[in-house]
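The structure under discussion appears below in the form of C-alpha cells.
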Amino acid sequence: MTTVTEDSELAGLRDALGLLKDREQVAQRLLESSAKHSFDPDKELDWDAPVEDGKWFWPPELVSLYDTPLWRRMSEEQRMDLARHEAASLASLGIWFEIILMQLLVRHIYDKSVTSAHVRYALTEIADECRHSMMFARMIEKGGAPTYPVTKLNHNLARVLKTVSTTPGSFACTLLGEEILDWMQRLTFPDERVQTVVRGVTRIHVVEEARHVRYAREELRRQMVTAPRWERELTRVSSGEAARVFSIAFVNPQVYTNVGLDRREALAQVKASGHRREVMQSGAKRLTDFLDDIGVLRGAGRRLWKSSGLLA
C-alpha cells in the first residue's frame with residue numbers, strides 16, 4: 001500500500017473502493033446539506049405532550065431479551081417496561097459516546113486550517129452532537145427511567161482513548177458508535193407502535209448522523225491510505241477492542257434488575273439468543289463490510305471483532 005504524508009497531493013490515490021474524494025469538496029457538500037437539513041430538537045419536538053398509553057419506547061424486536069424463554073414468561077407490561085429502560089440505557093450510552101466523539105473531533109482539527117471547509121464541517125458536526133446529547137437527555141427524562149452510565153472501567157478507558165487515539169482509530173471508533181445505533185433508529189422512527197417523541201428523536205438523529213457517517217467514512221478511507229503502517233496496525237487492534245467494549249456496554253445490566261428480573265438469568269439468555277446475535281450482526285454488517293473493504297478487519301483486530309459478536 002502506498003504511504004504518503006497528509007500534506008502530499010492525494011489526487012489519483014485510491015483504495016479498494018476507488019479514488020479518494022477531495023476532502024474539501026466532501027466537506028462543502030456536507031455543509032450545504034447541514035444548512036438545509038438541521039433541526040433544533042427543543043423546537044421540533046413536542047416535549048410537553050403526555051406519554052402515550054400502550055406505546056413502546058423501543059421496538060420490541062430490538063429489545064435484548066426478545067424471543068428468549070424469559071421474554072415469553074414476561075407480561076406485556078413488563079416487556080414494555082424493559083423497552084423503556086433499554087431506551088434510556090441506549091440514550092445514556094449515546095451521550096457518553098458523543099461526548100467522546102466531540103473531543104476526538106476537536107483533536108482532529110486542532111492543527112488544521114481554521115478556514116477550511118473540512119474544519120468548518122467538523123465544527124458543524126460538534127454542534128450537531130451537542131444538540132443530540134441534550135435531546136437524548138430530555139428523552140430519558142420524558143420516559144421516567146434513570147440514566148445508565150457505563151462502568152467506571154469503561155469510563156476511564158475512554159479517558160485513555162481520548163488521549164492516545166490516532167486519527168484513523170478515532171474515525172473507526174466513531175463509525176462503530178454511529179452505524180449500529182443508526183441501523184436500529186432507522187427501524188424505530190417509522191414504527192407507529194413506538195412513542196411519538198422517541199420516533200421524533202430517532203428521525204432527527206438518523207437525518208443528521210447520515211452526514212456524520214459520510215464525513216467519518218471518507219476520512220477513515222484517506223487515513224488508511226496515507227497513515228504509516230504502525231498507525232494502520234494500531235487502528236485495527238484499537239477498533240477491535242472498541243467493538244468488544246461497545247458490545248458489552250450496549251445494554252446496561254442494571255435494566256434487568258430495575259424491571260424485576262434476575263440479572264444473571266437475563267444476561268445468560270441474551271448471550272444465548274440467536275435473535276439478539278442476528279440483530280447485532282445485522283446492525284453492524286454495513287460497517288463491517290466497509291471496514292473489511294478498506295483493510296481494517298485484519299489480524300488480531302479481526303479476531304477481536306469476532307469475539308465482540310458483531311462480526312459473523
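The way I read the labels, and the way they are meant: chains A, B, ... in the order of the C-alpha cells, residue 1 as the first residue of every chain, and ligand 1 as the first ligand shown, with later ones counted on from there.
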Non-local contacts of segment 171-186 of chain A (7 Å; only C-alpha atoms; under 5 positions in same chain excluded) as an mmCIF file with N, CA, C and O atoms, in the first residue's frame:
data_model
loop_
_atom_site.group_PDB
_atom_site.id
_atom_site.type_symbol
_atom_site.label_atom_id
_atom_site.label_comp_id
_atom_site.auth_asym_id
_atom_site.auth_seq_id
_atom_site.Cartn_x
_atom_site.Cartn_y
_atom_site.Cartn_z
ATOM 1 N N PHE A 97 -20.923 8.394 24.380
ATOM 2 C CA PHE A 97 -20.163 8.248 23.153
ATOM 3 C C PHE A 97 -20.003 9.587 22.428
ATOM 4 O O PHE A 97 -18.923 9.907 21.915
ATOM 5 N N LEU A 101 -16.775 11.570 21.111
ATOM 6 C CA LEU A 101 -16.624 11.941 19.708
ATOM 7 C C LEU A 101 -16.299 13.424 19.552
ATOM 8 O O LEU A 101 -15.421 13.801 18.755
ATOM 9 N N THR A 202 -35.418 9.799 17.036
ATOM 10 C CA THR A 202 -34.654 8.929 16.134
ATOM 11 C C THR A 202 -34.655 9.466 14.712
ATOM 12 O O THR A 202 -33.662 9.319 13.992
ATOM 13 N N VAL A 206 -31.210 10.193 12.755
ATOM 14 C CA VAL A 206 -30.890 9.500 11.507
ATOM 15 C C VAL A 206 -30.509 10.490 10.412
ATOM 16 O O VAL A 206 -29.513 10.303 9.702
ATOM 17 N N VAL A 213 -21.650 10.097 9.362
ATOM 18 C CA VAL A 213 -21.102 8.833 8.860
ATOM 19 C C VAL A 213 -20.317 9.076 7.572
ATOM 20 O O VAL A 213 -19.222 8.531 7.384
ATOM 21 N N ALA A 216 -16.949 10.669 8.438
ATOM 22 C CA ALA A 216 -16.032 9.724 9.081
ATOM 23 C C ALA A 216 -15.544 8.670 8.097
ATOM 24 O O ALA A 216 -14.366 8.292 8.103
ATOM 25 N N LEU A 220 -11.679 8.176 7.173
ATOM 26 C CA LEU A 220 -11.027 6.912 7.505
ATOM 27 C C LEU A 220 -10.411 6.283 6.256
ATOM 28 O O LEU A 220 -9.301 5.741 6.307
ATOM 29 N N SER A 239 -9.731 -0.632 17.122
ATOM 30 C CA SER A 239 -11.141 -0.694 16.721
ATOM 31 C C SER A 239 -11.754 -2.029 17.145
ATOM 32 O O SER A 239 -12.932 -2.084 17.541
ATOM 33 N N ALA A 242 -12.421 -1.706 20.800
ATOM 34 C CA ALA A 242 -13.580 -0.830 20.982
ATOM 35 C C ALA A 242 -14.876 -1.589 20.680
ATOM 36 O O ALA A 242 -15.884 -1.407 21.375
ATOM 37 N N ALA A 243 -14.856 -2.441 19.657
ATOM 38 C CA ALA A 243 -16.041 -3.238 19.325
ATOM 39 C C ALA A 243 -16.392 -4.178 20.473
ATOM 40 O O ALA A 243 -17.567 -4.363 20.815
ATOM 41 N N GLY A 283 -27.063 -5.105 12.453
ATOM 42 C CA GLY A 283 -26.809 -3.687 12.685
ATOM 43 C C GLY A 283 -25.394 -3.278 12.333
ATOM 44 O O GLY A 283 -25.146 -2.148 11.895
ATOM 45 N N ALA A 284 -24.456 -4.206 12.490
ATOM 46 C CA ALA A 284 -23.046 -3.897 12.235
ATOM 47 C C ALA A 284 -22.600 -4.240 10.822
ATOM 48 O O ALA A 284 -21.503 -3.838 10.413
ATOM 49 N N LEU A 287 -21.252 -1.627 8.369
ATOM 50 C CA LEU A 287 -19.975 -1.112 8.856
ATOM 51 C C LEU A 287 -18.859 -2.138 8.675
ATOM 52 O O LEU A 287 -17.779 -1.804 8.176
#
Residues within 12 Å of Trp71 of chain A, only C-alpha atoms, excluding chain neighbours under 6 positions, as a PyMOL selection string | chain A and resi 60-61+63-65+77-80+82-83+256+261+265-266+269-270+273
Mind dumping the selected residues with all heavy atoms as a compact mmCIF listing (two decimals), in the first residue's frame?
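Output (again-v7.txt):
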# COMPACT_ATOMS: atom_id res chain seq x y z
N PRO A 60 -40.09 -3.73 20.12
CA PRO A 60 -39.85 -4.95 20.91
C PRO A 60 -38.81 -5.87 20.30
O PRO A 60 -38.04 -6.50 21.02
CB PRO A 60 -41.24 -5.61 20.96
CG PRO A 60 -42.04 -4.95 19.89
CD PRO A 60 -41.50 -3.57 19.75
N GLU A 61 -38.74 -5.94 18.96
CA GLU A 61 -37.78 -6.82 18.31
C GLU A 61 -36.34 -6.40 18.56
O GLU A 61 -35.41 -7.20 18.37
CB GLU A 61 -38.04 -6.87 16.80
CG GLU A 61 -39.38 -7.44 16.40
CD GLU A 61 -40.53 -6.44 16.50
OE1 GLU A 61 -40.28 -5.24 16.78
OE2 GLU A 61 -41.69 -6.86 16.29
N VAL A 63 -35.39 -5.14 21.57
CA VAL A 63 -35.12 -5.30 23.00
C VAL A 63 -34.26 -6.55 23.18
O VAL A 63 -34.46 -7.58 22.53
CB VAL A 63 -36.44 -5.40 23.78
CG1 VAL A 63 -36.18 -5.68 25.27
CG2 VAL A 63 -37.24 -4.10 23.63
N SER A 64 -33.31 -6.48 24.09
CA SER A 64 -32.28 -7.52 24.19
C SER A 64 -32.84 -8.92 24.46
O SER A 64 -32.30 -9.92 23.98
CB SER A 64 -31.26 -7.15 25.27
OG SER A 64 -31.90 -7.05 26.54
N LEU A 65 -33.91 -9.02 25.24
CA LEU A 65 -34.45 -10.32 25.62
C LEU A 65 -35.51 -10.84 24.66
O LEU A 65 -36.06 -11.94 24.88
CB LEU A 65 -35.04 -10.26 27.03
CG LEU A 65 -34.05 -10.34 28.18
CD1 LEU A 65 -34.74 -9.99 29.50
CD2 LEU A 65 -33.40 -11.71 28.26
N GLU A 77 -46.78 -5.84 30.09
CA GLU A 77 -46.40 -4.64 30.84
C GLU A 77 -44.92 -4.66 31.19
O GLU A 77 -44.22 -3.64 31.07
CB GLU A 77 -47.25 -4.54 32.11
CG GLU A 77 -46.94 -3.31 32.96
CD GLU A 77 -47.77 -3.26 34.23
OE1 GLU A 77 -48.54 -4.21 34.49
OE2 GLU A 77 -47.64 -2.26 34.98
N GLN A 78 -44.41 -5.81 31.61
CA GLN A 78 -43.00 -5.91 31.98
C GLN A 78 -42.11 -5.80 30.74
O GLN A 78 -41.03 -5.19 30.78
CB GLN A 78 -42.74 -7.23 32.70
CG GLN A 78 -41.40 -7.28 33.42
CD GLN A 78 -41.22 -8.54 34.25
OE1 GLN A 78 -41.82 -9.60 33.95
NE2 GLN A 78 -40.43 -8.46 35.30
N ARG A 79 -42.55 -6.34 29.61
CA ARG A 79 -41.80 -6.20 28.37
C ARG A 79 -41.67 -4.73 27.97
O ARG A 79 -40.59 -4.26 27.58
CB ARG A 79 -42.47 -6.98 27.24
CG ARG A 79 -42.46 -8.49 27.39
CD ARG A 79 -43.35 -9.12 26.33
NE ARG A 79 -43.38 -10.58 26.44
CZ ARG A 79 -44.17 -11.36 25.70
NH1 ARG A 79 -45.00 -10.81 24.81
NH2 ARG A 79 -44.14 -12.67 25.85
N MET A 80 -42.79 -4.01 28.07
CA MET A 80 -42.77 -2.59 27.69
C MET A 80 -41.91 -1.79 28.65
O MET A 80 -41.25 -0.82 28.26
CB MET A 80 -44.20 -2.05 27.62
CG MET A 80 -45.04 -2.71 26.54
SD MET A 80 -46.69 -1.99 26.38
CE MET A 80 -46.32 -0.56 25.37
N LEU A 82 -39.27 -2.97 30.23
CA LEU A 82 -37.88 -3.26 29.86
C LEU A 82 -37.48 -2.44 28.64
O LEU A 82 -36.37 -1.89 28.59
CB LEU A 82 -37.72 -4.75 29.57
CG LEU A 82 -36.32 -5.19 29.11
CD1 LEU A 82 -35.26 -4.85 30.15
CD2 LEU A 82 -36.30 -6.68 28.77
N ALA A 83 -38.35 -2.31 27.66
CA ALA A 83 -38.06 -1.49 26.47
C ALA A 83 -37.81 -0.05 26.86
O ALA A 83 -36.90 0.61 26.32
CB ALA A 83 -39.21 -1.58 25.47
N TYR A 256 -32.18 -4.94 33.86
CA TYR A 256 -32.91 -6.16 34.20
C TYR A 256 -33.33 -6.14 35.66
O TYR A 256 -34.47 -6.49 35.99
CB TYR A 256 -32.04 -7.39 33.90
CG TYR A 256 -31.52 -7.41 32.48
CD1 TYR A 256 -30.15 -7.47 32.21
CD2 TYR A 256 -32.40 -7.36 31.39
CE1 TYR A 256 -29.67 -7.49 30.90
CE2 TYR A 256 -31.93 -7.37 30.08
CZ TYR A 256 -30.55 -7.42 29.85
OH TYR A 256 -30.09 -7.42 28.56
N LEU A 261 -36.23 -8.45 37.08
CA LEU A 261 -35.72 -9.72 36.54
C LEU A 261 -34.43 -10.12 37.24
O LEU A 261 -33.74 -9.28 37.82
CB LEU A 261 -35.45 -9.57 35.03
CG LEU A 261 -36.66 -9.23 34.16
CD1 LEU A 261 -36.19 -8.97 32.73
CD2 LEU A 261 -37.71 -10.33 34.19
N GLU A 265 -29.73 -14.49 35.05
CA GLU A 265 -30.53 -15.26 34.10
C GLU A 265 -30.74 -14.46 32.82
O GLU A 265 -30.62 -15.00 31.71
CB GLU A 265 -31.88 -15.62 34.71
CG GLU A 265 -32.76 -16.45 33.77
CD GLU A 265 -34.14 -16.73 34.33
OE1 GLU A 265 -34.51 -16.10 35.35
OE2 GLU A 265 -34.85 -17.57 33.76
N ALA A 266 -31.03 -13.17 32.97
CA ALA A 266 -31.26 -12.33 31.79
C ALA A 266 -30.00 -12.25 30.92
O ALA A 266 -30.06 -12.40 29.69
CB ALA A 266 -31.69 -10.93 32.23
N GLN A 269 -29.42 -15.46 29.03
CA GLN A 269 -30.34 -15.69 27.91
C GLN A 269 -30.06 -14.74 26.74
O GLN A 269 -30.21 -15.13 25.58
CB GLN A 269 -31.79 -15.56 28.39
CG GLN A 269 -32.17 -16.68 29.33
CD GLN A 269 -33.67 -16.89 29.45
OE1 GLN A 269 -34.45 -16.41 28.63
NE2 GLN A 269 -34.08 -17.63 30.47
N VAL A 270 -29.64 -13.53 27.04
CA VAL A 270 -29.25 -12.62 25.96
C VAL A 270 -28.04 -13.18 25.23
O VAL A 270 -27.98 -13.19 23.99
CB VAL A 270 -28.93 -11.21 26.53
CG1 VAL A 270 -28.28 -10.34 25.45
CG2 VAL A 270 -30.19 -10.54 27.04
N SER A 273 -29.03 -15.96 22.93
CA SER A 273 -30.12 -15.67 22.00
C SER A 273 -29.63 -15.54 20.55
O SER A 273 -28.85 -14.64 20.22
CB SER A 273 -30.81 -14.36 22.41
OG SER A 273 -31.71 -13.94 21.41
Quick one: DSSP helix (DSSP H, G or I) residues in segment 101-265 of chain A, as a VMD selection string?
-> chain A and resid 101 to 109 117 to 143 152 to 164 167 to 188 196 to 226 229 to 249 254 to 258 263 to 265
Between A:Glu219, A:Asp53, A:Asp128, A:Asp81, which one has atoms that come closest to His108 of chain A, using only C-alpha atoms?
-> A:Glu219
8 Å contact set for segment 197-199 of chain A, only C-alpha atoms, chain neighbours under 4 positions out, as a PyMOL selection string = chain A and resi 45-47+57-58+139+188-191+203
Write the residues of the selection above to a file with all heavy atoms, as a CSV table (one decimal), in the first residue's frame.
chain,number,residue,atom,x,y,z
A,45,LEU,N,-39.7,19.1,18.5
A,45,LEU,CA,-40.4,18.0,19.1
A,45,LEU,C,-41.3,18.6,20.2
A,45,LEU,O,-41.0,19.6,20.9
A,45,LEU,CB,-39.4,17.0,19.7
A,45,LEU,CG,-38.5,16.4,18.7
A,45,LEU,CD1,-37.5,15.5,19.5
A,45,LEU,CD2,-39.2,15.6,17.7
A,46,ASP,N,-42.5,18.0,20.4
A,46,ASP,CA,-43.4,18.4,21.4
A,46,ASP,C,-43.1,17.7,22.7
A,46,ASP,O,-43.6,16.6,23.0
A,46,ASP,CB,-44.8,18.1,21.0
A,46,ASP,CG,-45.9,18.6,21.9
A,46,ASP,OD1,-45.5,19.2,23.0
A,46,ASP,OD2,-47.1,18.4,21.7
A,47,TRP,N,-42.2,18.3,23.5
A,47,TRP,CA,-41.8,17.7,24.8
A,47,TRP,C,-42.9,17.7,25.8
A,47,TRP,O,-42.8,17.0,26.8
A,47,TRP,CB,-40.5,18.3,25.3
A,47,TRP,CG,-39.4,18.1,24.4
A,47,TRP,CD1,-38.8,19.0,23.5
A,47,TRP,CD2,-38.6,17.0,24.2
A,47,TRP,NE1,-37.8,18.5,22.8
A,47,TRP,CE2,-37.6,17.2,23.2
A,47,TRP,CE3,-38.6,15.7,24.8
A,47,TRP,CZ2,-36.6,16.3,22.9
A,47,TRP,CZ3,-37.6,14.8,24.5
A,47,TRP,CH2,-36.6,15.1,23.5
A,57,PHE,N,-41.3,2.4,24.1
A,57,PHE,CA,-40.2,3.3,24.0
A,57,PHE,C,-39.1,2.8,23.1
A,57,PHE,O,-38.2,3.6,22.8
A,57,PHE,CB,-39.7,3.6,25.4
A,57,PHE,CG,-40.4,4.8,26.0
A,57,PHE,CD1,-41.6,4.5,26.7
A,57,PHE,CD2,-39.9,6.1,26.0
A,57,PHE,CE1,-42.2,5.5,27.4
A,57,PHE,CE2,-40.6,7.1,26.6
A,57,PHE,CZ,-41.8,6.8,27.3
A,58,TRP,N,-39.2,1.6,22.6
A,58,TRP,CA,-38.2,1.0,21.7
A,58,TRP,C,-38.9,-0.2,21.1
A,58,TRP,O,-39.7,-0.9,21.7
A,58,TRP,CB,-37.0,0.5,22.5
A,58,TRP,CG,-35.7,0.4,21.7
A,58,TRP,CD1,-35.0,-0.8,21.6
A,58,TRP,CD2,-35.0,1.4,21.0
A,58,TRP,NE1,-33.9,-0.6,20.8
A,58,TRP,CE2,-33.9,0.8,20.4
A,58,TRP,CE3,-35.3,2.7,20.7
A,58,TRP,CZ2,-33.0,1.5,19.6
A,58,TRP,CZ3,-34.4,3.4,20.0
A,58,TRP,CH2,-33.2,2.8,19.4
A,139,MET,N,-35.1,12.9,26.3
A,139,MET,CA,-35.8,11.7,26.1
A,139,MET,C,-35.8,10.8,27.3
A,139,MET,O,-36.8,10.2,27.7
A,139,MET,CB,-35.3,11.0,24.9
A,139,MET,CG,-36.2,9.8,24.4
A,139,MET,SD,-35.4,8.9,23.0
A,139,MET,CE,-34.4,7.8,23.9
A,188,THR,N,-36.8,2.3,13.9
A,188,THR,CA,-37.6,2.9,15.0
A,188,THR,C,-38.5,4.0,14.5
A,188,THR,O,-39.7,4.1,14.9
A,188,THR,CB,-36.7,3.3,16.2
A,188,THR,OG1,-36.0,2.2,16.7
A,188,THR,CG2,-37.6,3.9,17.3
A,189,PHE,N,-37.9,5.0,13.8
A,189,PHE,CA,-38.7,6.2,13.6
A,189,PHE,C,-40.0,6.0,12.7
A,189,PHE,O,-40.9,6.7,12.9
A,189,PHE,CB,-37.8,7.4,13.0
A,189,PHE,CG,-37.5,7.3,11.6
A,189,PHE,CD1,-38.4,7.7,10.6
A,189,PHE,CD2,-36.2,6.9,11.2
A,189,PHE,CE1,-38.0,7.7,9.3
A,189,PHE,CE2,-35.8,6.9,9.9
A,189,PHE,CZ,-36.8,7.3,8.9
A,190,PRO,N,-40.0,5.0,11.8
A,190,PRO,CA,-41.3,4.8,11.1
A,190,PRO,C,-42.3,3.9,11.8
A,190,PRO,O,-43.4,3.7,11.4
A,190,PRO,CB,-40.9,4.1,9.8
A,190,PRO,CG,-39.4,3.8,9.9
A,190,PRO,CD,-39.0,4.1,11.3
A,191,ASP,N,-41.9,3.3,13.0
A,191,ASP,CA,-42.7,2.3,13.7
A,191,ASP,C,-43.8,3.0,14.5
A,191,ASP,O,-43.5,3.6,15.6
A,191,ASP,CB,-41.8,1.5,14.6
A,191,ASP,CG,-42.4,0.2,15.1
A,191,ASP,OD1,-43.7,0.2,15.2
A,191,ASP,OD2,-41.7,-0.7,15.4
A,203,ARG,N,-35.7,10.1,14.3
A,203,ARG,CA,-35.8,10.7,12.9
A,203,ARG,C,-34.7,11.8,12.8
A,203,ARG,O,-34.0,11.8,11.8
A,203,ARG,CB,-37.2,11.3,12.6
A,203,ARG,CG,-37.3,11.9,11.3
A,203,ARG,CD,-38.7,12.5,11.0
A,203,ARG,NE,-39.0,13.5,12.0
A,203,ARG,CZ,-38.7,14.8,11.9
A,203,ARG,NH1,-38.0,15.2,10.9
A,203,ARG,NH2,-39.1,15.6,12.9
From A:Ile100, A:Val259, A:Arg264, A:Leu311, residue lying nearest Lys285 of chain A [only C-alpha atoms] |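 Ranked by minimum distance to Lys285 of chain A, first place goes to A:Leu311.
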Residue with the minimum atom-to-atom distance to Arg286 of chain A, picked from A:Val245, A:Arg217, A:Leu70, A:Leu105 with only C-alpha atoms counted, is A:Arg217
Which is closest to Val296 of chain A among A:Val225, A:Ala127, A:Ala312, A:Ala272, if we use only C-alpha atoms?
-> A:Val225
May I have the residues within 10 Å of Glu52 of chain A as a short mmCIF file (atom, residue, chain, number, x, y, z; two decimals) with C-alpha atoms, in the first residue's frame, using only C-alpha atoms and disregarding those fewer than 3 positions away in the same chain?
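Output contents, as saved in part17.cif:
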data_model
loop_
_atom_site.label_atom_id
_atom_site.label_comp_id
_atom_site.auth_asym_id
_atom_site.auth_seq_id
_atom_site.Cartn_x
_atom_site.Cartn_y
_atom_site.Cartn_z
CA ALA A 49 -47.16 16.03 25.08
CA LYS A 55 -46.92 2.53 23.06
CA TRP A 56 -43.34 1.28 23.29
CA PHE A 57 -40.22 3.33 23.97
CA VAL A 194 -43.37 3.50 19.30
CA GLN A 195 -43.89 6.68 21.34
CA THR A 196 -44.15 9.76 19.10
CA VAL A 197 -41.38 11.61 20.93
#
With a distance cut-off of 9 Å and only C-alpha atoms, select the neighbouring residues of Ile126 of chain A, excluding the residue or stretch itself and same-chain residues fewer than 4 positions from it, and output the selection as a VMD selection string.
-> chain A and resid 98 101 to 103 105 to 106 121 to 122 130 to 131
Selected residues written out, C-alpha atoms, as a PDB file, in the first residue's frame:
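Okay, this is what ended up in again14.pdb:
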ATOM      1  CA  GLU A  98     -20.994  11.639  21.629  1.00  0.00           C
ATOM      2  CA  LEU A 101     -16.624  11.941  19.708  1.00  0.00           C
ATOM      3  CA  MET A 102     -16.726  15.711  20.197  1.00  0.00           C
ATOM      4  CA  GLN A 103     -13.348  15.626  21.940  1.00  0.00           C
ATOM      5  CA  LEU A 105     -13.099  15.823  16.531  1.00  0.00           C
ATOM      6  CA  VAL A 106     -11.565  18.798  18.328  1.00  0.00           C
ATOM      7  CA  TYR A 121     -17.826  20.896   8.870  1.00  0.00           C
ATOM      8  CA  ALA A 122     -16.171  19.306  11.913  1.00  0.00           C
ATOM      9  CA  CYS A 130     -24.210  18.909  21.391  1.00  0.00           C
ATOM     10  CA  ARG A 131     -27.877  19.092  20.380  1.00  0.00           C
TER      11      ARG A 131
END
